[in-house]
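Colleague: I am sharing input.cif, which consists of mmCIF, C-alpha atoms:
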data_coords
#
loop_
_atom_site.group_PDB
_atom_site.id
_atom_site.type_symbol
_atom_site.label_atom_id
_atom_site.label_comp_id
_atom_site.auth_asym_id
_atom_site.auth_seq_id
_atom_site.Cartn_x
_atom_site.Cartn_y
_atom_site.Cartn_z
ATOM 1 C CA MET P 1 0.000 0.000 0.000
ATOM 2 C CA ARG P 2 1.509 3.314 -1.011
ATOM 3 C CA GLU P 3 1.321 6.577 0.873
ATOM 4 C CA ALA P 4 -0.696 9.441 -0.604
ATOM 5 C CA PRO P 5 -1.941 12.828 0.530
ATOM 6 C CA LEU P 6 -5.647 12.587 1.371
ATOM 7 C CA SER P 7 -6.308 15.801 -0.551
ATOM 8 C CA GLU P 8 -5.257 14.041 -3.759
ATOM 9 C CA TYR P 9 -8.525 12.070 -3.543
ATOM 10 C CA ILE P 10 -10.840 13.755 -1.031
ATOM 11 C CA THR P 11 -10.910 17.483 -0.346
ATOM 12 C CA VAL P 12 -12.848 19.785 1.937
ATOM 13 C CA ASP P 13 -14.892 20.876 -1.100
ATOM 14 C CA THR P 14 -15.834 17.332 -2.132
ATOM 15 C CA ALA P 15 -16.672 15.823 1.268
ATOM 16 C CA ARG P 16 -19.682 16.256 3.530
ATOM 17 C CA LEU P 17 -20.750 14.532 6.724
ATOM 18 C CA VAL P 18 -24.309 13.484 7.538
ATOM 19 C CA PRO P 19 -25.945 13.039 10.967
ATOM 20 C CA GLU P 20 -26.049 9.578 12.509
ATOM 21 C CA PRO P 21 -29.804 8.981 11.865
ATOM 22 C CA LEU P 22 -29.201 9.484 8.124
ATOM 23 C CA ARG P 23 -26.393 6.920 7.833
ATOM 24 C CA ASN P 24 -28.448 4.631 5.615
ATOM 25 C CA ILE P 25 -29.926 7.256 3.279
ATOM 26 C CA SER P 26 -28.348 7.235 -0.172
ATOM 27 C CA GLY P 27 -26.541 10.335 -1.382
ATOM 28 C CA GLY P 28 -26.702 12.164 -4.667
ATOM 29 C CA TYR P 29 -26.193 10.550 -8.069
ATOM 30 C CA SER P 30 -22.567 11.701 -8.336
ATOM 31 C CA GLU P 31 -21.668 10.883 -4.716
ATOM 32 C CA ILE P 32 -19.823 7.982 -3.117
ATOM 33 C CA PRO P 33 -20.754 6.872 0.423
ATOM 34 C CA LEU P 34 -17.948 7.617 2.896
ATOM 35 C CA GLU P 35 -17.453 5.970 6.285
ATOM 36 C CA ILE P 36 -14.840 7.267 8.704
ATOM 37 C CA GLN P 37 -13.851 4.965 11.563
ATOM 38 C CA LEU P 38 -12.058 6.794 14.377
ATOM 39 C CA GLN P 39 -10.430 5.529 17.536
ATOM 40 C CA SER P 40 -11.406 7.442 20.677
ATOM 41 C CA LYS P 41 -7.996 9.124 20.992
ATOM 42 C CA THR P 42 -8.450 10.633 17.527
ATOM 43 C CA ALA P 43 -12.109 11.561 18.077
ATOM 44 C CA GLU P 44 -11.078 13.566 21.151
ATOM 45 C CA LYS P 45 -8.914 15.802 18.953
ATOM 46 C CA LEU P 46 -11.948 17.023 16.989
ATOM 47 C CA SER P 47 -13.943 20.108 17.938
ATOM 48 C CA PHE P 48 -17.302 18.446 17.262
ATOM 49 C CA TYR P 49 -19.384 15.505 18.426
ATOM 50 C CA VAL P 50 -18.332 12.013 17.332
ATOM 51 C CA PRO P 51 -20.745 9.119 18.117
ATOM 52 C CA TRP P 52 -19.707 6.625 20.801
ATOM 53 C CA ASP P 53 -18.738 4.036 18.167
ATOM 54 C CA GLY P 54 -16.307 6.450 16.467
ATOM 55 C CA VAL P 55 -18.072 6.184 13.119
ATOM 56 C CA LEU P 56 -18.827 9.256 11.020
ATOM 57 C CA ASP P 57 -20.701 8.946 7.757
ATOM 58 C CA GLY P 58 -20.826 11.165 4.749
ATOM 59 C CA PHE P 59 -20.391 11.416 1.015
ATOM 60 C CA ILE P 60 -17.751 12.390 -1.520
ATOM 61 C CA LYS P 61 -18.877 14.120 -4.708
ATOM 62 C CA GLY P 62 -17.252 13.612 -8.093
ATOM 63 C CA LYS P 63 -17.691 9.854 -8.396
ATOM 64 C CA GLU P 64 -16.760 9.589 -12.085
ATOM 65 C CA ALA P 65 -13.741 11.900 -11.904
ATOM 66 C CA LEU P 66 -12.417 9.964 -8.914
ATOM 67 C CA ARG P 67 -12.906 6.619 -10.671
ATOM 68 C CA GLN P 68 -10.890 7.888 -13.642
ATOM 69 C CA LYS P 69 -8.165 9.340 -11.411
ATOM 70 C CA LEU P 70 -7.800 5.961 -9.698
ATOM 71 C CA GLY P 71 -7.695 4.167 -13.065
ATOM 72 C CA LEU P 72 -10.610 1.893 -12.186
ATOM 73 C CA THR P 73 -12.933 0.435 -14.806
ATOM 74 C CA LEU P 74 -15.744 -0.319 -12.346
ATOM 75 C CA PRO P 75 -17.732 2.312 -10.436
ATOM 76 C CA ILE P 76 -16.591 3.079 -6.886
ATOM 77 C CA GLN P 77 -19.197 1.727 -4.474
ATOM 78 C CA SER P 78 -17.832 3.142 -1.223
ATOM 79 C CA ALA P 79 -14.895 4.813 0.466
ATOM 80 C CA THR P 80 -13.608 4.217 3.983
ATOM 81 C CA ILE P 81 -11.098 6.059 6.123
ATOM 82 C CA SER P 82 -9.953 3.772 8.947
ATOM 83 C CA ASP P 83 -7.972 4.782 12.016
ATOM 84 C CA TRP P 84 -5.692 1.842 12.750
ATOM 85 C CA ASP P 85 -2.969 1.608 15.376
ATOM 86 C CA GLU P 86 -0.397 1.802 12.570
ATOM 87 C CA GLY P 87 -1.983 4.924 11.046
ATOM 88 C CA PHE P 88 -4.801 5.847 8.718
ATOM 89 C CA VAL P 89 -5.902 3.987 5.604
ATOM 90 C CA LEU P 90 -8.119 5.234 2.759
ATOM 91 C CA ILE P 91 -9.900 2.484 0.806
ATOM 92 C CA PHE P 92 -12.020 2.809 -2.347
ATOM 93 C CA GLU P 93 -14.111 -0.300 -2.997
ATOM 94 C CA THR P 94 -15.713 -1.569 -6.201
ATOM 95 C CA ALA P 95 -17.713 -4.715 -6.960
ATOM 96 C CA GLN P 96 -14.437 -6.602 -7.557
ATOM 97 C CA VAL P 97 -11.708 -6.868 -4.936
ATOM 98 C CA SER P 98 -9.073 -6.679 -7.677
ATOM 99 C CA GLN P 99 -10.204 -3.095 -8.353
ATOM 100 C CA THR P 100 -9.918 -1.889 -4.772
ATOM 101 C CA ALA P 101 -7.593 1.070 -4.244
ATOM 102 C CA ALA P 102 -5.968 1.600 -0.837
ATOM 103 C CA PHE P 103 -3.593 4.245 0.471
ATOM 104 C CA LYS P 104 -1.832 5.109 3.712
ATOM 105 C CA ILE P 105 -2.777 8.648 4.696
ATOM 106 C CA ASN P 106 -1.696 11.115 7.360
ATOM 107 C CA GLU P 107 -3.703 11.764 10.553
ATOM 108 C CA LYS P 108 -3.154 15.509 10.160
ATOM 109 C CA ASP P 109 -4.829 15.394 6.729
ATOM 110 C CA VAL P 110 -7.809 13.461 8.125
ATOM 111 C CA LEU P 111 -8.270 15.918 10.998
ATOM 112 C CA TYR P 112 -8.049 18.870 8.595
ATOM 113 C CA LEU P 113 -10.680 17.322 6.312
ATOM 114 C CA LEU P 114 -13.071 16.586 9.164
ATOM 115 C CA GLU P 115 -12.706 20.013 10.767
ATOM 116 C CA ASN P 116 -13.280 21.851 7.484
ATOM 117 C CA CYS P 117 -15.750 19.815 5.406
ATOM 118 C CA ARG P 118 -19.498 20.466 5.512
ATOM 119 C CA ARG P 119 -21.075 19.168 8.713
ATOM 120 C CA PRO P 120 -24.720 19.200 9.803
ATOM 121 C CA PRO P 121 -25.685 21.240 12.867
ATOM 122 C CA GLU P 122 -26.465 18.025 14.784
ATOM 123 C CA ILE P 123 -22.768 17.243 15.157
ATOM 124 C CA GLU P 124 -21.444 20.770 15.611
ATOM 125 C CA ASN P 125 -21.505 20.730 19.422
ATOM 126 C CA LYS P 126 -18.719 18.983 21.305
ATOM 127 C CA LYS P 127 -19.720 15.978 23.437
#
Kindly present the structure from the file in structure tokens form.
Modeller:
Amino acid sequence: MREAPLSEYITVDTARLVPEPLRNISGGYSEIPLEIQLQSKTAEKLSFYVPWDGVLDGFIKGKEALRQKLGLTLPIQSATISDWDEGFVLIFETAQVSQTAAFKINEKDVLYLLENCRRPPEIENKK
């Protein structure tokens, strides 16, 4: 897995978070579902509310442009940012495992994205 800057694939302008009750609502036609899995030590660094399970949900716009940038022939079905003990990983999944794209990303980039992307008022207040 190679390292990459998060902003090469997801930017503040292309990402938005949704409130917990809307986790299972589909996004817009050109959006990819995004799940962010945070450990509690990372969630504490954020200025806004993170659910007890550390999961934030949202969407990334620009599905087709991102697919082309990644060189995938199949549509991207979902994206995940996971907070592992070894660092952060960004994964783009398609219907075939062979067309999955994964990158190591920097915690600082993840925190910047989360602090500056669109967030609903429901998660604006700190715990």
Colleague: Could you pull the residues within 10 Å of range 74-81 of chain P, counting all atoms listed in the file, minus those fewer than 5 positions along the same chain, as a ChimeraX atom specification?
Modeller: /P:6,10,31-38,55-60,63-64,66-68,88-96,99-105,110
Colleague: Give the answer as one residue: which of P:Val50, P:Pro5, P:Leu70, P:Ser30 has the shortest atom-to-atom distance to Leu17 in chain P, using all atoms listed in the file?
Modeller: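 Among P:Val50, P:Pro5, P:Leu70, P:Ser30, it is P:Val50 that comes nearest to Leu17 in chain P.
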Colleague: Take CA of Thr11 in chain P and CA of Arg118 in chain P and report the distance between them in Å, one decimal.
Modeller: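 That distance, rounded to one decimal, is 10.8 Å.
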Colleague: As a check of understanding, name the residues that the PyMOL selection byres ((chain P and resi 47) around 12) selects in the supplied structure, as a ChimeraX atom specification.
Modeller: /P:42-46,48-50,111-112,114-116,119,123-127
Colleague: Store the residues picked out above in a file with C-alpha atoms, as a tab-separated table (two decimals), in the coordinates of the input.
Modeller:
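The resulting file, out18.tsv, is shown below:
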chain	number	residue	atom	x	y	z
P	42	THR	CA	-8.45	10.63	17.53
P	43	ALA	CA	-12.11	11.56	18.08
P	44	GLU	CA	-11.08	13.57	21.15
P	45	LYS	CA	-8.91	15.80	18.95
P	46	LEU	CA	-11.95	17.02	16.99
P	48	PHE	CA	-17.30	18.45	17.26
P	49	TYR	CA	-19.38	15.50	18.43
P	50	VAL	CA	-18.33	12.01	17.33
P	111	LEU	CA	-8.27	15.92	11.00
P	112	TYR	CA	-8.05	18.87	8.60
P	114	LEU	CA	-13.07	16.59	9.16
P	115	GLU	CA	-12.71	20.01	10.77
P	116	ASN	CA	-13.28	21.85	7.48
P	119	ARG	CA	-21.08	19.17	8.71
P	123	ILE	CA	-22.77	17.24	15.16
P	124	GLU	CA	-21.44	20.77	15.61
P	125	ASN	CA	-21.50	20.73	19.42
P	126	LYS	CA	-18.72	18.98	21.30
P	127	LYS	CA	-19.72	15.98	23.44
Colleague: For Asp109 in chain P, which residue among P:Ala65, P:Met1, P:Ser7, P:Asp13 is the nearest when counting all atoms listed in the file?
Modeller: P:Ser7
Colleague: What is the distance between CA of Tyr9 in chain P and CA of Ile25 in chain P, in Å to one decimal?
Modeller: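 Rounded to one decimal, the two atoms are 23.0 Å apart.
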